[in-house]
$ cat final_38.cif   # mmCIF, C-alpha atoms and all ligand atoms
data_query
loop_
_atom_site.label_atom_id
_atom_site.label_comp_id
_atom_site.auth_asym_id
_atom_site.auth_seq_id
_atom_site.Cartn_x
_atom_site.Cartn_y
_atom_site.Cartn_z
CA MET A 1 -91.94 -22.26 6.66
CA ARG A 2 -89.02 -19.92 6.19
CA VAL A 3 -89.88 -16.38 5.18
CA LEU A 4 -87.18 -14.82 2.98
CA ASP A 5 -88.58 -11.31 3.10
CA VAL A 6 -91.66 -9.14 3.34
CA ASP A 7 -92.53 -9.02 -0.37
CA HIS A 8 -95.11 -6.25 -0.17
CA ILE A 9 -97.93 -4.66 1.81
CA ALA A 10 -101.16 -4.23 -0.13
CA ILE A 11 -103.85 -1.58 0.14
CA ALA A 12 -107.25 -1.97 -1.53
CA VAL A 13 -108.42 1.23 -3.25
CA ARG A 14 -111.51 2.21 -5.24
CA ASP A 15 -109.76 4.31 -7.87
CA LEU A 16 -106.17 3.33 -8.70
CA ASN A 17 -105.31 6.54 -10.58
CA LYS A 18 -106.47 8.69 -7.67
CA ALA A 19 -104.66 6.48 -5.17
CA ILE A 20 -101.44 6.67 -7.23
CA GLU A 21 -101.57 10.47 -6.99
CA THR A 22 -102.17 10.27 -3.23
CA PHE A 23 -99.25 7.90 -2.64
CA LYS A 24 -96.96 9.86 -4.98
CA SER A 25 -97.61 12.87 -2.74
CA ILE A 26 -97.04 10.92 0.46
CA LEU A 27 -94.01 8.88 -0.62
CA GLY A 28 -92.42 11.36 -3.02
CA VAL A 29 -91.72 8.70 -5.64
CA GLU A 30 -93.32 7.42 -8.85
CA PRO A 31 -94.69 3.87 -8.88
CA LEU A 32 -92.21 1.26 -10.14
CA LYS A 33 -94.95 -0.26 -12.27
CA VAL A 34 -98.65 -0.25 -12.96
CA GLU A 35 -100.02 -3.50 -14.34
CA GLU A 36 -103.06 -5.66 -14.63
CA VAL A 37 -103.13 -9.09 -12.96
CA PRO A 38 -106.07 -10.73 -14.75
CA GLU A 39 -105.79 -13.98 -12.77
CA GLU A 40 -106.68 -12.00 -9.62
CA LYS A 41 -109.01 -9.52 -11.34
CA VAL A 42 -107.00 -6.52 -10.16
CA ARG A 43 -104.93 -3.65 -11.47
CA ILE A 44 -101.97 -2.84 -9.28
CA ALA A 45 -99.45 -0.06 -8.75
CA MET A 46 -96.21 -0.93 -6.95
CA PHE A 47 -94.22 1.66 -4.99
CA LYS A 48 -90.87 1.14 -3.32
CA VAL A 49 -89.84 2.97 -0.16
CA GLY A 50 -86.57 1.87 1.38
CA ASN A 51 -86.72 -1.89 1.15
CA ILE A 52 -90.49 -2.05 1.39
CA HIS A 53 -92.87 -2.42 -1.54
CA ILE A 54 -96.36 -1.00 -1.23
CA GLU A 55 -98.97 -2.34 -3.60
CA LEU A 56 -102.17 -0.48 -4.42
CA LEU A 57 -104.97 -2.79 -5.59
CA GLU A 58 -107.98 -1.84 -7.66
CA ALA A 59 -110.64 -4.41 -8.59
CA THR A 60 -111.29 -4.88 -12.30
CA ASP A 61 -114.40 -7.00 -11.73
CA PRO A 62 -117.23 -6.51 -9.24
CA GLU A 63 -117.00 -10.23 -8.38
CA SER A 64 -113.30 -10.06 -7.45
CA SER A 65 -112.19 -10.54 -3.86
CA VAL A 66 -110.88 -6.96 -3.75
CA ALA A 67 -114.26 -5.54 -4.86
CA LYS A 68 -116.01 -7.64 -2.20
CA PHE A 69 -113.49 -6.52 0.44
CA ILE A 70 -114.10 -2.82 -0.35
CA GLU A 71 -117.86 -3.31 -0.43
CA LYS A 72 -117.77 -4.96 3.00
CA ARG A 73 -114.97 -3.11 4.79
CA GLY A 74 -114.14 -0.02 2.72
CA GLU A 75 -110.70 0.89 1.37
CA GLY A 76 -107.65 0.03 3.44
CA LEU A 77 -104.95 -2.49 4.31
CA HIS A 78 -105.75 -5.70 2.42
CA HIS A 79 -102.86 -8.13 2.91
CA ILE A 80 -99.21 -8.67 3.79
CA ALA A 81 -97.17 -10.78 1.38
CA PHE A 82 -94.20 -12.88 2.48
CA ARG A 83 -91.68 -14.09 -0.05
CA VAL A 84 -90.84 -17.78 0.23
CA GLU A 85 -88.73 -20.18 -1.78
CA ASN A 86 -91.45 -22.67 -2.73
CA VAL A 87 -95.14 -21.75 -2.48
CA ASP A 88 -96.30 -25.28 -3.19
CA GLU A 89 -94.35 -26.68 -0.23
CA VAL A 90 -95.35 -23.80 2.03
CA SER A 91 -99.05 -24.23 1.12
CA LYS A 92 -98.88 -27.93 2.01
CA GLU A 93 -96.99 -27.23 5.24
CA LEU A 94 -99.45 -24.55 6.35
CA ARG A 95 -102.45 -26.75 5.51
CA SER A 96 -100.93 -29.63 7.48
CA LYS A 97 -100.59 -27.27 10.45
CA GLY A 98 -104.33 -26.54 10.26
CA PHE A 99 -104.29 -23.17 8.51
CA SER A 100 -107.01 -22.38 6.02
CA VAL A 101 -105.10 -22.01 2.76
CA VAL A 102 -107.21 -20.30 0.09
CA TYR A 103 -106.18 -21.95 -3.20
CA ASP A 104 -106.03 -25.76 -3.44
CA GLN A 105 -103.23 -25.30 -5.96
CA PRO A 106 -100.98 -22.21 -5.89
CA ARG A 107 -101.75 -19.75 -8.71
CA VAL A 108 -99.23 -18.81 -11.35
CA VAL A 109 -99.63 -15.11 -12.22
CA ALA A 110 -97.85 -12.35 -14.14
CA GLY A 111 -96.93 -14.63 -17.03
CA GLY A 112 -95.23 -17.16 -14.75
CA LYS A 113 -93.13 -14.62 -12.83
CA ARG A 114 -94.99 -15.12 -9.55
CA ILE A 115 -96.61 -18.09 -7.83
CA ILE A 116 -98.97 -17.18 -5.03
CA ASN A 117 -101.30 -18.51 -2.39
CA PHE A 118 -103.10 -17.02 0.61
CA VAL A 119 -103.83 -17.85 4.24
CA HIS A 120 -107.41 -16.88 5.12
CA PRO A 121 -107.61 -13.98 7.59
CA LYS A 122 -109.78 -16.14 9.89
CA SER A 123 -106.69 -18.35 10.34
CA ALA A 124 -104.31 -15.46 11.03
CA HIS A 125 -105.84 -13.04 13.53
CA GLY A 126 -107.76 -11.05 10.92
CA VAL A 127 -104.86 -10.53 8.50
CA LEU A 128 -104.92 -11.93 4.96
CA ILE A 129 -101.45 -13.33 4.28
CA GLU A 130 -100.06 -13.94 0.82
CA VAL A 131 -97.12 -16.24 0.20
CA VAL A 132 -95.27 -15.50 -3.00
CA GLU A 133 -92.50 -17.21 -4.91
CA ARG A 134 -90.72 -15.12 -7.54
CA ARG A 135 -89.21 -16.62 -10.67
CA GLY A 136 -86.77 -14.91 -12.97
N1 LIG B 201 -108.33 -8.86 5.38
C1 LIG B 201 -108.96 -9.08 6.56
N2 LIG B 201 -110.18 -9.66 6.66
C2 LIG B 201 -110.77 -10.02 5.51
C3 LIG B 201 -110.17 -9.82 4.25
C4 LIG B 201 -108.90 -9.21 4.21
N3 LIG B 201 -108.27 -8.98 3.06
N4 LIG B 201 -111.00 -10.28 3.29
C5 LIG B 201 -112.09 -10.75 3.92
N5 LIG B 201 -111.95 -10.58 5.25
C6 LIG B 201 -112.88 -10.97 6.31
C7 LIG B 201 -114.28 -10.43 6.06
O1 LIG B 201 -114.44 -9.14 6.55
C8 LIG B 201 -115.13 -11.43 6.81
O2 LIG B 201 -115.09 -11.16 8.19
P1 LIG B 201 -116.44 -11.30 9.06
O3 LIG B 201 -116.83 -12.76 8.94
O4 LIG B 201 -115.98 -10.91 10.42
O5 LIG B 201 -117.43 -10.40 8.43
C9 LIG B 201 -114.38 -12.74 6.58
O6 LIG B 201 -113.02 -12.39 6.29
C10 LIG B 201 -114.94 -13.54 5.42
O7 LIG B 201 -115.19 -12.61 4.41
P2 LIG B 201 -115.86 -12.93 3.04
O8 LIG B 201 -116.27 -11.67 2.37
O9 LIG B 201 -116.89 -14.01 3.22
O10 LIG B 201 -114.66 -13.38 2.29
P3 LIG B 201 -114.39 -14.76 1.68
O11 LIG B 201 -114.17 -15.77 2.76
O12 LIG B 201 -115.39 -14.99 0.60
O13 LIG B 201 -113.02 -14.34 0.98
C11 LIG B 201 -110.75 -14.56 0.98
C12 LIG B 201 -111.93 -14.02 1.74
C13 LIG B 201 -109.51 -14.25 1.79
C14 LIG B 201 -110.89 -16.08 0.81
C15 LIG B 201 -110.70 -13.87 -0.42
O14 LIG B 201 -110.56 -12.50 -0.24
C16 LIG B 201 -109.57 -14.40 -1.26
O15 LIG B 201 -109.72 -15.39 -1.95
N6 LIG B 201 -108.38 -13.72 -1.22
C17 LIG B 201 -107.23 -14.17 -1.96
C18 LIG B 201 -107.12 -13.52 -3.31
C19 LIG B 201 -106.92 -12.05 -3.22
O16 LIG B 201 -107.10 -11.41 -2.21
N7 LIG B 201 -106.53 -11.49 -4.40
C20 LIG B 201 -106.29 -10.07 -4.54
C21 LIG B 201 -104.84 -9.68 -4.42
C22 LIG B 201 -104.01 -10.28 -5.53
C23 LIG B 201 -102.61 -9.73 -5.70
O17 LIG B 201 -102.06 -9.06 -4.82
O18 LIG B 201 -102.05 -9.99 -6.77
#

$ encode --input "final_38.cif" --output "structure tokens" --more "lines below"
Ligand code: CMX
Amino acid sequence: MRVLDVDHIAIAVRDLNKAIETFKSILGVEPLKVEEVPEEKVRIAMFKVGNIHIELLEATDPESSVAKFIEKRGEGLHHIAFRVENVDEVSKELRSKGFSVVYDQPRVVAGGKRIINFVHPKSAHGVLIEVVERRG
């Protein structure tokens, strides 16, 4: 697997609007975008600092993985996302190396602009890892 870049670092929050205000104060910039990702049952805000993107994640459904994460562990660092060229190939490669890859088939989100999959934190020293392919 060849990682092209760190795509973003994600933080799970209870209240996105409040968290946006907090991170505006800390980072001194407005979010690049605030959008809903229905496939993942989250609303996100994306900030850019230097070359790093920071994503705030709010659950939109109590059954979503972000809601469960917050219920179990509280707010905080949720995952690191690595940008790759081909998520399908990377998912197969990681599975063949014995990693627990979350989705059998990578998920297409954001109207086809992103294709994503995850490595379970139990496979990666307690860190949830997202692999993301960007299109367009
Ligand atoms: N980081 C670190 N550890 C995590 C974790 C995370 N994000 N999420 C769960 N865990 C830990 C739990 O604390 C638990 O640890 P213990 O066994 O020590 O208690 C263990 O992993 C299993 O937890 P669980 O609640 O049973 O979680 P599941 O196995 O049901 O789900 C996961 C975990 C990764 C499969 C699920 O969160 C998932 O499908 N994630 C991928 C989708 C996702 O996160 N989407 C939101 C972001 C989308 C986006 O950015 O667009």

$ residues_near_ligand --input "final_38.cif" --ligand "ligand LIG 201 (chain B)" --cutoff "7 Å" --atoms "all atoms listed in the file" --output "mmCIF file with C-alpha atoms, in the coordinates of the input"
data_model
loop_
_atom_site.group_PDB
_atom_site.id
_atom_site.type_symbol
_atom_site.label_atom_id
_atom_site.label_comp_id
_atom_site.auth_asym_id
_atom_site.auth_seq_id
_atom_site.Cartn_x
_atom_site.Cartn_y
_atom_site.Cartn_z
ATOM 1 C CA ALA A 10 -101.160 -4.230 -0.130
ATOM 2 C CA VAL A 37 -103.130 -9.090 -12.960
ATOM 3 C CA GLU A 40 -106.680 -12.000 -9.620
ATOM 4 C CA VAL A 42 -107.000 -6.520 -10.160
ATOM 5 C CA LEU A 57 -104.970 -2.790 -5.590
ATOM 6 C CA SER A 65 -112.190 -10.540 -3.860
ATOM 7 C CA VAL A 66 -110.880 -6.960 -3.750
ATOM 8 C CA LYS A 68 -116.010 -7.640 -2.200
ATOM 9 C CA PHE A 69 -113.490 -6.520 0.440
ATOM 10 C CA LYS A 72 -117.770 -4.960 3.000
ATOM 11 C CA ARG A 73 -114.970 -3.110 4.790
ATOM 12 C CA HIS A 78 -105.750 -5.700 2.420
ATOM 13 C CA HIS A 79 -102.860 -8.130 2.910
ATOM 14 C CA VAL A 102 -107.210 -20.300 0.090
ATOM 15 C CA PHE A 118 -103.100 -17.020 0.610
ATOM 16 C CA HIS A 120 -107.410 -16.880 5.120
ATOM 17 C CA PRO A 121 -107.610 -13.980 7.590
ATOM 18 C CA LYS A 122 -109.780 -16.140 9.890
ATOM 19 C CA GLY A 126 -107.760 -11.050 10.920
ATOM 20 C CA VAL A 127 -104.860 -10.530 8.500
ATOM 21 C CA LEU A 128 -104.920 -11.930 4.960
#

$ atom_distance --input "final_38.cif" --atom1 "atom CA of A:Ile52" --atom2 "atom CA of A:Lys97"
28.6 Å

$ closest_residue --input "final_38.cif" --among "A:Arg107, A:Lys113, A:His125, A:Arg43" --to "A:Ala19" --atoms "all atoms listed in the file"
A:Arg43

$ atom_distance --input "final_38.cif" --atom1 "atom CA of A:Gly50" --atom2 "atom CA of A:Val6"
12.3 Å

$ closest_residue --input "final_38.cif" --among "A:Gly76, A:Gly98, A:Gly136, A:Pro31" --to "A:Ala12" --atoms "only C-alpha atoms"
A:Gly76

$ closest_residue --input "final_38.cif" --among "A:Leu94, A:Met1, A:Val132, A:Ile9" --to "A:Asn51" --atoms "all atoms listed in the file"
A:Ile9

$ atom_distance --input "final_38.cif" --atom1 "atom CA of A:Val108" --atom2 "atom CA of A:Arg14"
25.1 Å

$ closest_residue --input "final_38.cif" --among "A:Val101, A:Val84, A:Val119, A:Ala124" --to "A:Val3" --atoms "only C-alpha atoms"
A:Val84

$ build_atoms --input "final_38.cif" --residues "stretch 124-135 of chain A" --atoms "all heavy atoms" --output "PDB file, in the coordinates of the input"
ATOM      1  N   ALA A 124    -105.513 -16.239  10.678  1.00  0.00           N
ATOM      2  CA  ALA A 124    -104.310 -15.460  11.030  1.00  0.00           C
ATOM      3  C   ALA A 124    -104.682 -14.128  11.679  1.00  0.00           C
ATOM      4  O   ALA A 124    -104.219 -13.062  11.255  1.00  0.00           O
ATOM      5  CB  ALA A 124    -103.446 -15.248   9.794  1.00  0.00           C
ATOM      6  N   HIS A 125    -105.525 -14.220  12.694  1.00  0.00           N
ATOM      7  CA  HIS A 125    -105.840 -13.040  13.530  1.00  0.00           C
ATOM      8  C   HIS A 125    -106.334 -11.856  12.717  1.00  0.00           C
ATOM      9  O   HIS A 125    -105.967 -10.703  12.990  1.00  0.00           O
ATOM     10  CB  HIS A 125    -104.617 -12.656  14.387  1.00  0.00           C
ATOM     11  CG  HIS A 125    -104.133 -13.793  15.234  1.00  0.00           C
ATOM     12  ND1 HIS A 125    -104.604 -14.036  16.496  1.00  0.00           N
ATOM     13  CD2 HIS A 125    -103.251 -14.787  14.957  1.00  0.00           C
ATOM     14  CE1 HIS A 125    -104.026 -15.120  16.985  1.00  0.00           C
ATOM     15  NE2 HIS A 125    -103.198 -15.603  16.057  1.00  0.00           N
ATOM     16  N   GLY A 126    -107.122 -12.135  11.674  1.00  0.00           N
ATOM     17  CA  GLY A 126    -107.760 -11.050  10.920  1.00  0.00           C
ATOM     18  C   GLY A 126    -106.896 -10.447   9.828  1.00  0.00           C
ATOM     19  O   GLY A 126    -107.285  -9.447   9.218  1.00  0.00           O
ATOM     20  N   VAL A 127    -105.726 -11.062   9.571  1.00  0.00           N
ATOM     21  CA  VAL A 127    -104.860 -10.530   8.500  1.00  0.00           C
ATOM     22  C   VAL A 127    -104.777 -11.534   7.356  1.00  0.00           C
ATOM     23  O   VAL A 127    -104.433 -12.706   7.577  1.00  0.00           O
ATOM     24  CB  VAL A 127    -103.429 -10.251   9.035  1.00  0.00           C
ATOM     25  CG1 VAL A 127    -102.530  -9.738   7.913  1.00  0.00           C
ATOM     26  CG2 VAL A 127    -103.473  -9.258  10.181  1.00  0.00           C
ATOM     27  N   LEU A 128    -105.112 -11.074   6.142  1.00  0.00           N
ATOM     28  CA  LEU A 128    -104.920 -11.930   4.960  1.00  0.00           C
ATOM     29  C   LEU A 128    -103.431 -11.965   4.650  1.00  0.00           C
ATOM     30  O   LEU A 128    -102.781 -10.914   4.522  1.00  0.00           O
ATOM     31  CB  LEU A 128    -105.715 -11.351   3.778  1.00  0.00           C
ATOM     32  CG  LEU A 128    -105.541 -12.070   2.438  1.00  0.00           C
ATOM     33  CD1 LEU A 128    -106.040 -13.518   2.502  1.00  0.00           C
ATOM     34  CD2 LEU A 128    -106.280 -11.317   1.323  1.00  0.00           C
ATOM     35  N   ILE A 129    -102.890 -13.179   4.556  1.00  0.00           N
ATOM     36  CA  ILE A 129    -101.450 -13.330   4.280  1.00  0.00           C
ATOM     37  C   ILE A 129    -101.260 -13.984   2.919  1.00  0.00           C
ATOM     38  O   ILE A 129    -101.883 -15.002   2.619  1.00  0.00           O
ATOM     39  CB  ILE A 129    -100.791 -14.180   5.388  1.00  0.00           C
ATOM     40  CG1 ILE A 129    -100.792 -13.356   6.674  1.00  0.00           C
ATOM     41  CG2 ILE A 129     -99.370 -14.585   5.002  1.00  0.00           C
ATOM     42  CD1 ILE A 129    -100.228 -14.047   7.870  1.00  0.00           C
ATOM     43  N   GLU A 130    -100.425 -13.353   2.114  1.00  0.00           N
ATOM     44  CA  GLU A 130    -100.060 -13.940   0.820  1.00  0.00           C
ATOM     45  C   GLU A 130     -98.674 -14.560   0.962  1.00  0.00           C
ATOM     46  O   GLU A 130     -97.810 -13.997   1.628  1.00  0.00           O
ATOM     47  CB  GLU A 130    -100.036 -12.845  -0.263  1.00  0.00           C
ATOM     48  CG  GLU A 130     -99.603 -13.342  -1.632  1.00  0.00           C
ATOM     49  CD  GLU A 130     -99.616 -12.257  -2.718  1.00  0.00           C
ATOM     50  OE1 GLU A 130    -100.167 -11.156  -2.494  1.00  0.00           O
ATOM     51  OE2 GLU A 130     -99.055 -12.517  -3.794  1.00  0.00           O
ATOM     52  N   VAL A 131     -98.486 -15.720   0.349  1.00  0.00           N
ATOM     53  CA  VAL A 131     -97.120 -16.240   0.200  1.00  0.00           C
ATOM     54  C   VAL A 131     -96.802 -16.199  -1.287  1.00  0.00           C
ATOM     55  O   VAL A 131     -97.640 -16.548  -2.120  1.00  0.00           O
ATOM     56  CB  VAL A 131     -96.945 -17.660   0.789  1.00  0.00           C
ATOM     57  CG1 VAL A 131     -96.867 -17.605   2.304  1.00  0.00           C
ATOM     58  CG2 VAL A 131     -98.054 -18.622   0.363  1.00  0.00           C
ATOM     59  N   VAL A 132     -95.630 -15.705  -1.598  1.00  0.00           N
ATOM     60  CA  VAL A 132     -95.270 -15.500  -3.000  1.00  0.00           C
ATOM     61  C   VAL A 132     -93.875 -16.027  -3.294  1.00  0.00           C
ATOM     62  O   VAL A 132     -92.951 -15.837  -2.503  1.00  0.00           O
ATOM     63  CB  VAL A 132     -95.419 -13.994  -3.403  1.00  0.00           C
ATOM     64  CG1 VAL A 132     -94.641 -13.097  -2.484  1.00  0.00           C
ATOM     65  CG2 VAL A 132     -94.994 -13.750  -4.844  1.00  0.00           C
ATOM     66  N   GLU A 133     -93.800 -16.723  -4.412  1.00  0.00           N
ATOM     67  CA  GLU A 133     -92.500 -17.210  -4.910  1.00  0.00           C
ATOM     68  C   GLU A 133     -92.240 -16.452  -6.206  1.00  0.00           C
ATOM     69  O   GLU A 133     -93.125 -16.370  -7.061  1.00  0.00           O
ATOM     70  CB  GLU A 133     -92.658 -18.723  -5.187  1.00  0.00           C
ATOM     71  CG  GLU A 133     -91.493 -19.387  -5.852  1.00  0.00           C
ATOM     72  CD  GLU A 133     -91.828 -20.868  -6.168  1.00  0.00           C
ATOM     73  OE1 GLU A 133     -92.681 -21.491  -5.497  1.00  0.00           O
ATOM     74  OE2 GLU A 133     -91.235 -21.375  -7.127  1.00  0.00           O
ATOM     75  N   ARG A 134     -91.062 -15.887  -6.330  1.00  0.00           N
ATOM     76  CA  ARG A 134     -90.720 -15.120  -7.540  1.00  0.00           C
ATOM     77  C   ARG A 134     -89.780 -15.921  -8.415  1.00  0.00           C
ATOM     78  O   ARG A 134     -88.841 -16.536  -7.909  1.00  0.00           O
ATOM     79  CB  ARG A 134     -90.091 -13.780  -7.166  1.00  0.00           C
ATOM     80  CG  ARG A 134     -91.088 -12.840  -6.537  1.00  0.00           C
ATOM     81  CD  ARG A 134     -90.564 -11.440  -6.360  1.00  0.00           C
ATOM     82  NE  ARG A 134     -91.625 -10.585  -5.838  1.00  0.00           N
ATOM     83  CZ  ARG A 134     -92.492  -9.927  -6.583  1.00  0.00           C
ATOM     84  NH1 ARG A 134     -92.422  -9.966  -7.900  1.00  0.00           N
ATOM     85  NH2 ARG A 134     -93.448  -9.196  -6.032  1.00  0.00           N
ATOM     86  N   ARG A 135     -90.068 -15.898  -9.714  1.00  0.00           N
ATOM     87  CA  ARG A 135     -89.210 -16.620 -10.670  1.00  0.00           C
ATOM     88  C   ARG A 135     -88.643 -15.633 -11.680  1.00  0.00           C
ATOM     89  O   ARG A 135     -89.391 -14.826 -12.230  1.00  0.00           O
ATOM     90  CB  ARG A 135     -90.033 -17.656 -11.414  1.00  0.00           C
ATOM     91  CG  ARG A 135     -90.416 -18.796 -10.523  1.00  0.00           C
ATOM     92  CD  ARG A 135     -90.836 -19.982 -11.314  1.00  0.00           C
ATOM     93  NE  ARG A 135     -91.062 -21.121 -10.437  1.00  0.00           N
ATOM     94  CZ  ARG A 135     -91.800 -22.164 -10.771  1.00  0.00           C
ATOM     95  NH1 ARG A 135     -92.380 -22.221 -11.936  1.00  0.00           N
ATOM     96  NH2 ARG A 135     -91.955 -23.154  -9.925  1.00  0.00           N
TER      97      ARG A 135
END
